[in-house]
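In what follows, a single structure is set out as structure tokens and then discussed.
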Amino acid sequence: QPQLVESGGGLVQPGGSLTLSCAAAGFTFDDYTIGWFRQAPGKEREGVSCINGVRDDTKYRDSVKGRFTISRDDAKKTVYLHMVSLKPEDTGVYFCALAPPTVCVMTDGLTEGWYFGDGYWGKGTRITVSS
């Protein structure tokens, strides 16, 4: 049974940095796309970034480009989201999710509909950016 577990959230001041981790188990890790999504209070969940398993292709939503970096360590079966210059609008619950291997290559990679259903999502980790 696939399992994704996020960690690394917390409270950070504007301009600060955090690195989130998404630890995976129960599937062949480097065969799939892993995406990061976030949901701010009162808003819809939105795609943040994705990384392809085979070629390490990556994509980012415009508002995080230059500030967020996604990476993966296949030996540790973990995907990271390194975030710098955090803004209050980055506040929310961050989820990682699983998708077919071509999603981050052949699509925008950030649309929830390309990802597998609820059982292939983590439960999320909360980030609060506030002074």
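Order determines the names: the first chain of the structure tokens is A, the second B, and so forth; residues in each chain are numbered 1 upward, and ligands are numbered 1 upward as they are shown.
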
Please provide as a PyMOL selection string all residues within 12 Å of Glu112 (chain A), with the sequence filter that same-chain residues fewer than 5 positions apart are discarded (counting only C-alpha atoms).
chain A and resi 34-39+44-50+95-99+103-104+107+117-118+120-121

Among the residues of region 33-91 of chain A, find those DSSP assigns to helix (DSSP H, G or I) from the backbone and print them as a list of chain:residue names.
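Answer for region 33-91 of chain A restricted to helix (DSSP H, G or I) is A:Asp62, A:Ser63, A:Val64, A:Pro88, A:Glu89, A:Asp90.
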
Generate a file of the selected residues that holds C-alpha atoms, formatted as a PDB file, in the first residue's frame.
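Written output follows (part-v9.pdb):
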```
ATOM      1  CA  ASP A  62       4.749  31.028 -10.910  1.00  0.00           C
ATOM      2  CA  SER A  63       4.396  32.467  -7.403  1.00  0.00           C
ATOM      3  CA  VAL A  64       7.130  30.206  -5.988  1.00  0.00           C
ATOM      4  CA  PRO A  88       2.623  35.187   4.530  1.00  0.00           C
ATOM      5  CA  GLU A  89       0.762  34.008   1.431  1.00  0.00           C
ATOM      6  CA  ASP A  90       2.775  30.771   1.567  1.00  0.00           C
TER       7      ASP A  90
END
```

Report as CSV: every residue of region 49-92 of chain A with an atom at most 10 Å from region 18-28 of chain A, its closest pair of atoms, and their distance in Å to one decimal, counting only C-alpha atoms, with rows sorted by chain and ascending residue number.
```
residue,atom,partner,partner_atom,distance
A:Gly53,CA,A:Thr28,CA,9.9
A:Phe68,CA,A:Thr19,CA,9.2
A:Thr69,CA,A:Thr19,CA,9.2
A:Ile70,CA,A:Leu20,CA,9.4
A:Ser71,CA,A:Ser21,CA,9.7
A:Arg72,CA,A:Cys22,CA,9.2
A:Asp73,CA,A:Ala23,CA,9.8
A:Asp74,CA,A:Thr28,CA,9.7
A:Lys76,CA,A:Ala23,CA,7.8
A:Lys77,CA,A:Ala24,CA,5.5
A:Thr78,CA,A:Ala23,CA,4.5
A:Val79,CA,A:Cys22,CA,5.0
A:Tyr80,CA,A:Ser21,CA,4.6
A:Leu81,CA,A:Leu20,CA,5.0
A:His82,CA,A:Thr19,CA,4.2
A:Met83,CA,A:Leu18,CA,5.3
A:Val84,CA,A:Leu18,CA,6.7
A:Ser85,CA,A:Leu18,CA,9.3
A:Leu86,CA,A:Leu18,CA,8.2
```

Report, in Å with one decimal, the straight-line distance from CA of Leu11 (chain A) to CA of Arg126 (chain A).
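For CA of Leu11 (chain A) relative to CA of Arg126 (chain A), the distance reads 8.4 Å.
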
Between A:Asn52, A:Lys87, A:Ala75, A:Ile127, which is the closest to Gly109 (chain A) once you count only C-alpha atoms?
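Of A:Asn52, A:Lys87, A:Ala75, A:Ile127, the one nearest Gly109 (chain A), counting only C-alpha atoms, is A:Asn52.
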
Any idea what the distance is between CA of Ser130 (chain A) and CA of Val12 (chain A)?
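Calculated distance between CA of Ser130 (chain A) and CA of Val12 (chain A) is 6.3 Å.
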
Report the distance between CA of Pro2 (chain A) and CA of Arg61 (chain A) in Å, rounded to one decimal place.
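About the pair CA of Pro2 (chain A) and CA of Arg61 (chain A): they are 25.8 Å apart.
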
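For the set A:Gly119, A:Tyr32, A:Val129, A:Pro41, the residue with the smallest atom-to-atom gap to Pro101 (chain A) is A:Tyr32, counting only C-alpha atoms.
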
DSSP on the backbone, strand (DSSP E or B) only: what residues of chain A does that give? Format it as an MDAnalysis selection string.
chainID A and resid 3:7 10:12 18:25 33:39 46:51 58:60 68:73 78:83 92:99 121 125:129
